[in-house]
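Below: one structure, written as structure tokens.
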Amino acid sequence: MSAWSAVEFEAQLRSIGEKRYHHLHPFNERMHSGELSEGEFRGWVRNRFYYQMNLPKKDAFILTKLPGREDRRQWIQRIIDHDGRTGDEGGLEKWIRLGNAVGLTRDELYDVDTVLPGVRFAVDAYVDFCREKPWLEAVASALTELFAPDLLSRRITDVSHHYPWIATEGLEYFRARLTQQPKDIAHLLELVLTNAKSREQQDACARALEFKCDVLWSLLDAVELAYSKSS
Ligand code: PQQ
């Protein structure tokens, strides 16, 4: 089969997110309409931290495989964005502030033994995918970020509106991601659109994006099942 043009290929990738990204998950829909109990919100923040903790690790696996120096220079910033460095607290610390705002301590967030099994399974699968797959597919699995900015802006507005018990300071993680994400997205698209030349490579990238949508979806399935009765 012949390869898609870059424009067609990008449209294919975007159509996957329109159908399978976690903005459509019932738990997210309930978050945005103000229906989550405090226990459900806390359960999401606690378990999503396991995803956050693992982002720098999966990005480090990808870093070891990227062939070009210029791409590694850009990619390494993703690790710094989450882990931070002197003078820049980083995303993990901001997520801990969100945890504190919903009543979780740092120790509770870092206690990996209390992560829900389904969340651990999904996140570990994502890290393993990035460790094992060729760099192009591993990079393509991060393309869910294409769909995140809309969701993040809505989350900031809707959470501030519906959950006044969460201090606004707790939402700093999402505000920071809105400024960081455009450069990540531009780099992801450049890497994938210019390097997936054959139809086989393009299809493999599309499968990687579908897999990642499933990771995010499964995470919310597990959270919804575990906390739906909590007040
Ligand atoms: N996804 C990645 C990735 O796969 O490399 C990195 C991030 C996401 C983030 O740093 C995020 O904050 C983030 N947030 C959401 C969200 O809150 O809905 C989704 C995603 C995503 O789509 O994978 C990421």
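Chain labels run A, B, ... following the order of the structure tokens; each chain numbers its residues from 1, and ligands are numbered from 1 in the order shown.
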Could you please extract the residues within 6 Å of ligand 1, counting only C-alpha atoms and all ligand atoms, and hand them back as a PyMOL selection string? chain A and resi 142+144-145+148+177
Please build the interface table for stretch 29-113 of chain A against stretch 125-128 of chain A with a cut-off of 10 Å, listing for each qualifying residue the nearest atom pair and the distance in Å to one decimal; count only C-alpha atoms, order rows by chain and increasing number, and write it as a tab-separated table.
```
residue	atom	partner	partner_atom	distance
A:Tyr51	CA	A:Tyr126	CA	9.2
A:Asn54	CA	A:Val127	CA	7.1
A:Leu55	CA	A:Val127	CA	7.9
A:Pro56	CA	A:Val127	CA	9.7
A:Lys57	CA	A:Val127	CA	7.2
A:Lys58	CA	A:Val127	CA	5.0
A:Asp59	CA	A:Val127	CA	8.7
A:Ala60	CA	A:Val127	CA	9.9
A:Phe61	CA	A:Val127	CA	8.3
A:Ile62	CA	A:Val127	CA	9.8
```
As a VMD selection string, please: all residues of stretch 84-203 of chain A that backbone DSSP puts in alpha helix (DSSP H). chain A and resid 90 to 101 106 to 110 117 to 132 135 to 140 148 to 162 172 to 195 199 to 203
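Counting only C-alpha atoms, the residue from A:Glu108, A:Asp113, A:Asp81, A:Glu132 that sits nearest to A:Asp184 is A:Asp81.
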Might you pull out every residue within 12 Å of stretch 121-123 of chain A, with only C-alpha atoms counted and same-chain residues fewer than 6 positions away left off, and present them as a PDB file with N, CA and C atoms, in the first residue's frame?
```pdb
ATOM      1  N   ASN A  47      -3.759   8.069  41.920  1.00  0.00           N
ATOM      2  CA  ASN A  47      -3.343   7.054  40.945  1.00  0.00           C
ATOM      3  C   ASN A  47      -2.699   7.651  39.705  1.00  0.00           C
ATOM      4  N   ARG A  48      -3.125   8.849  39.302  1.00  0.00           N
ATOM      5  CA  ARG A  48      -2.483   9.499  38.146  1.00  0.00           C
ATOM      6  C   ARG A  48      -1.041   9.847  38.470  1.00  0.00           C
ATOM      7  N   PHE A  49      -0.731   9.985  39.780  1.00  0.00           N
ATOM      8  CA  PHE A  49       0.660  10.284  40.127  1.00  0.00           C
ATOM      9  C   PHE A  49       1.591   9.158  39.665  1.00  0.00           C
ATOM     10  N   TYR A  50       1.087   7.948  39.648  1.00  0.00           N
ATOM     11  CA  TYR A  50       1.925   6.828  39.190  1.00  0.00           C
ATOM     12  C   TYR A  50       2.274   7.011  37.707  1.00  0.00           C
ATOM     13  N   TYR A  51       1.317   7.514  36.940  1.00  0.00           N
ATOM     14  CA  TYR A  51       1.587   7.846  35.529  1.00  0.00           C
ATOM     15  C   TYR A  51       2.633   8.964  35.462  1.00  0.00           C
ATOM     16  N   GLN A  52       2.408  10.011  36.255  1.00  0.00           N
ATOM     17  CA  GLN A  52       3.338  11.149  36.243  1.00  0.00           C
ATOM     18  C   GLN A  52       4.761  10.702  36.590  1.00  0.00           C
ATOM     19  N   MET A  53       4.873   9.854  37.637  1.00  0.00           N
ATOM     20  CA  MET A  53       6.189   9.378  38.082  1.00  0.00           C
ATOM     21  C   MET A  53       6.940   8.641  36.983  1.00  0.00           C
ATOM     22  N   ASN A  54       6.166   7.973  36.132  1.00  0.00           N
ATOM     23  CA  ASN A  54       6.787   7.131  35.112  1.00  0.00           C
ATOM     24  C   ASN A  54       7.069   7.843  33.793  1.00  0.00           C
ATOM     25  N   LEU A  55       6.527   9.064  33.622  1.00  0.00           N
ATOM     26  CA  LEU A  55       6.786   9.775  32.362  1.00  0.00           C
ATOM     27  C   LEU A  55       8.286  10.022  32.139  1.00  0.00           C
ATOM     28  N   LYS A  57      10.724   8.330  33.177  1.00  0.00           N
ATOM     29  CA  LYS A  57      11.427   7.059  32.916  1.00  0.00           C
ATOM     30  C   LYS A  57      11.222   6.624  31.469  1.00  0.00           C
ATOM     31  N   LYS A  58       9.971   6.705  31.000  1.00  0.00           N
ATOM     32  CA  LYS A  58       9.746   6.263  29.612  1.00  0.00           C
ATOM     33  C   LYS A  58      10.449   7.216  28.641  1.00  0.00           C
ATOM     34  N   VAL A 115      -0.962   1.787  44.742  1.00  0.00           N
ATOM     35  CA  VAL A 115      -1.491   2.096  43.397  1.00  0.00           C
ATOM     36  C   VAL A 115      -2.438   0.966  42.991  1.00  0.00           C
ATOM     37  N   PHE A 129       6.463  -0.534  26.657  1.00  0.00           N
ATOM     38  CA  PHE A 129       6.309  -0.253  25.225  1.00  0.00           C
ATOM     39  C   PHE A 129       7.444   0.669  24.761  1.00  0.00           C
ATOM     40  N   CYS A 130       7.695   1.715  25.548  1.00  0.00           N
ATOM     41  CA  CYS A 130       8.734   2.690  25.157  1.00  0.00           C
ATOM     42  C   CYS A 130      10.137   2.109  25.281  1.00  0.00           C
ATOM     43  N   PHE A 211      -2.686   2.280  21.064  1.00  0.00           N
ATOM     44  CA  PHE A 211      -2.253   1.611  22.303  1.00  0.00           C
ATOM     45  C   PHE A 211      -2.229   2.614  23.464  1.00  0.00           C
ATOM     46  N   LYS A 212      -1.670   3.792  23.207  1.00  0.00           N
ATOM     47  CA  LYS A 212      -1.557   4.792  24.281  1.00  0.00           C
ATOM     48  C   LYS A 212      -2.921   5.318  24.713  1.00  0.00           C
ATOM     49  N   CYS A 213      -3.836   5.456  23.761  1.00  0.00           N
ATOM     50  CA  CYS A 213      -5.213   5.833  24.149  1.00  0.00           C
ATOM     51  C   CYS A 213      -5.775   4.776  25.091  1.00  0.00           C
ATOM     52  N   ASP A 214      -5.466   3.502  24.811  1.00  0.00           N
ATOM     53  CA  ASP A 214      -5.957   2.417  25.676  1.00  0.00           C
ATOM     54  C   ASP A 214      -5.332   2.488  27.067  1.00  0.00           C
ATOM     55  N   VAL A 215      -4.061   2.885  27.132  1.00  0.00           N
ATOM     56  CA  VAL A 215      -3.403   3.034  28.441  1.00  0.00           C
ATOM     57  C   VAL A 215      -4.169   4.059  29.281  1.00  0.00           C
ATOM     58  N   LEU A 216      -4.428   5.222  28.690  1.00  0.00           N
ATOM     59  CA  LEU A 216      -5.104   6.298  29.434  1.00  0.00           C
ATOM     60  C   LEU A 216      -6.533   5.894  29.799  1.00  0.00           C
ATOM     61  N   TRP A 217      -7.186   5.192  28.873  1.00  0.00           N
ATOM     62  CA  TRP A 217      -8.563   4.765  29.109  1.00  0.00           C
ATOM     63  C   TRP A 217      -8.605   3.747  30.255  1.00  0.00           C
ATOM     64  N   SER A 218      -7.683   2.788  30.228  1.00  0.00           N
ATOM     65  CA  SER A 218      -7.649   1.738  31.259  1.00  0.00           C
ATOM     66  C   SER A 218      -7.372   2.325  32.630  1.00  0.00           C
ATOM     67  N   LEU A 219      -6.515   3.335  32.659  1.00  0.00           N
ATOM     68  CA  LEU A 219      -6.212   3.992  33.939  1.00  0.00           C
ATOM     69  C   LEU A 219      -7.516   4.528  34.557  1.00  0.00           C
ATOM     70  N   LEU A 220      -8.314   5.186  33.737  1.00  0.00           N
ATOM     71  CA  LEU A 220      -9.563   5.757  34.262  1.00  0.00           C
ATOM     72  C   LEU A 220     -10.588   4.669  34.580  1.00  0.00           C
ATOM     73  N   ASP A 221     -10.605   3.577  33.799  1.00  0.00           N
ATOM     74  CA  ASP A 221     -11.494   2.447  34.129  1.00  0.00           C
ATOM     75  C   ASP A 221     -11.207   1.957  35.548  1.00  0.00           C
ATOM     76  N   ALA A 222      -9.921   1.782  35.839  1.00  0.00           N
ATOM     77  CA  ALA A 222      -9.532   1.243  37.152  1.00  0.00           C
ATOM     78  C   ALA A 222      -9.926   2.213  38.262  1.00  0.00           C
ATOM     79  N   VAL A 223      -9.695   3.512  38.029  1.00  0.00           N
ATOM     80  CA  VAL A 223     -10.024   4.514  39.048  1.00  0.00           C
ATOM     81  C   VAL A 223     -11.533   4.554  39.259  1.00  0.00           C
TER      82      VAL A 223
END
```
Sorted per-residue table, stretch 7-52 of chain A near stretch 189-192 of chain A, closest atoms and distance, 12 Å, only C-alpha atoms, as CSV:
```
residue,atom,partner,partner_atom,distance
A:Val7,CA,A:Leu189,CA,11.2
A:Phe9,CA,A:Val192,CA,9.7
A:Glu10,CA,A:Leu189,CA,8.2
A:Ala11,CA,A:Leu189,CA,11.7
A:Leu13,CA,A:Leu189,CA,10.1
A:Arg14,CA,A:Leu189,CA,11.1
```
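Counting only C-alpha atoms and comparing A:Leu225, A:Ala6, A:Ile76, A:Leu104, the residue that lies closest to A:Pro26 is A:Leu225.
Relative to atom CA of A:Tyr227, atom CA of A:Ser37 is found at 9.0 Å.
Shortest atom-to-atom contact with A:Asp71 among A:Tyr163, A:Ser198, A:Glu35, A:Trp135: A:Trp135, counting only C-alpha atoms.
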Computed gap from atom CA of A:Gln180 to atom CA of A:Val102 is 24.0 Å
Do you know which residues are at most 9 Å from A:Val159 counting only C-alpha atoms, after dropping those on the same chain fewer than 3 positions away, and could you put them as a compact mmCIF listing (two decimals) with N, CA and C atoms, in the first residue's frame?
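As a result, result20.txt now contains:
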```txt
# COMPACT_ATOMS: atom_id res chain seq x y z
N MET A 31 -16.01 14.29 35.83
CA MET A 31 -15.15 15.32 36.44
C MET A 31 -15.55 16.70 35.93
N HIS A 32 -15.76 16.79 34.63
CA HIS A 32 -16.03 18.11 34.04
C HIS A 32 -17.42 18.64 34.32
N SER A 33 -18.34 17.73 34.64
CA SER A 33 -19.68 18.24 34.96
C SER A 33 -19.86 18.39 36.47
N GLY A 34 -18.78 18.21 37.24
CA GLY A 34 -18.84 18.49 38.67
C GLY A 34 -19.44 17.37 39.50
N ARG A 154 -10.02 22.97 29.60
CA ARG A 154 -11.36 22.72 30.16
C ARG A 154 -11.24 22.29 31.61
N ARG A 155 -10.22 21.48 31.91
CA ARG A 155 -10.07 20.98 33.29
C ARG A 155 -9.85 22.15 34.25
N ILE A 156 -8.98 23.10 33.86
CA ILE A 156 -8.70 24.24 34.74
C ILE A 156 -10.00 25.00 35.03
N HIS A 162 -16.35 23.78 39.69
CA HIS A 162 -17.18 22.77 40.37
C HIS A 162 -16.61 22.26 41.69
N TYR A 163 -15.31 22.44 41.89
CA TYR A 163 -14.70 21.86 43.10
C TYR A 163 -13.98 22.96 43.89
N PRO A 164 -14.75 23.89 44.47
CA PRO A 164 -14.12 25.03 45.16
C PRO A 164 -13.28 24.61 46.36
N ILE A 166 -10.92 22.60 46.25
CA ILE A 166 -9.52 22.40 45.80
C ILE A 166 -8.89 23.77 45.60
N LEU A 171 -3.92 23.66 41.02
CA LEU A 171 -4.08 23.46 39.57
C LEU A 171 -2.88 23.95 38.76
```
Using only C-alpha atoms, the shortest atom-to-atom distance to A:Arg97 among A:Leu63, A:Val112, A:Ala167, A:Ala138 belongs to A:Ala167
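Between A:Cys205 and the candidates A:Arg175, A:Gly170, A:Val139, A:Ile96, the tightest atom-to-atom separation, counting only C-alpha atoms, involves A:Val139.
Going from atom CA of A:Gln201 over to atom CA of A:Glu8, you cover 14.1 Å.
Nearest to A:Gly103 of all the residues A:Lys183, A:His25, A:Arg20, A:Arg46 is A:Arg46, counting only C-alpha atoms.
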